[in-house]
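The structure under discussion appears below in the form of structure tokens.
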Amino acid sequence: LEKWGLETSAPAKAFRKVENSTIQVSVENQGDAGWQAQLLQSGLTLEDKTLYSLSFEARAPQPRDVSITVSRDIADWQNHGLWKRINLD
């Protein structure tokens, strides 16, 4: 879990806490765009034509949409095959 970081860009404001094998993200201001507060893991090496699996559990104190994406973490932000919006309710 320590490999997961939280990145924010103004005006977003969020905090990350690791406790009891979970990551808790508290968002005070989600910003103007969905990418302005993001939990991310950088430095992964992905191989072409390789199937990967992602699983997690998520909840929120009130209904909200969350985007799940696998993409480059540098400019051109190329998508690597996963972009999904889910609703936490």
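Residue numbering restarts at 1 in every chain; chains get A, B, ... in the order shown in the structure tokens, and ligands count up from 1 in that same order.
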
Considering only C-alpha atoms, return as number ranges by chain whatever protein or nucleic-acid residues lie within 8 Å of range 46-58 of chain A, sequence-local ones (same chain, fewer than 2 positions apart) excluded. A: 44, 60, 88

With N, CA and C atoms retained, could you export that selection as a tab-separated table (two decimals), in the first residue's frame?
chain	number	residue	atom	x	y	z
A	44	LEU	N	5.19	1.58	-12.75
A	44	LEU	CA	4.89	0.23	-13.21
A	44	LEU	C	5.37	0.06	-14.64
A	60	ALA	N	-17.84	5.18	-0.16
A	60	ALA	CA	-17.85	6.63	0.10
A	60	ALA	C	-19.00	6.93	1.05
A	88	LEU	N	-20.14	4.96	-6.61
A	88	LEU	CA	-20.11	4.46	-5.25
A	88	LEU	C	-21.37	4.97	-4.56

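Every protein, DNA or RNA residue with an atom at most 9 Å from range 2-12 of chain A, where only C-alpha atoms count and chain neighbours fewer than 3 positions away do not, is listed here: Phe15, Arg16, Val18, Ile23, Val25, Val27, Glu28, Asn29, Gln30, Gly31, Asp32, Ala33, Trp35, Gln36, Ala37, Gln38, Leu39, Leu40, Gln41 and Ser42 of chain A.
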
Straight-line distance linking CA of Gly81 in chain A with CA of Gly34 in chain A, stated in Å to one decimal: 18.3 Å

Once DSSP has gone over the backbone, tell me which residues of chain A are in strand (DSSP E), as a PyMOL selection string. chain A and resi 5-8+13-19+22-29+37-40+64-71+79-88

At what distance in Å, to one decimal, does CA of Asn87 in chain A lie from CA of Val70 in chain A? 17.9 Å
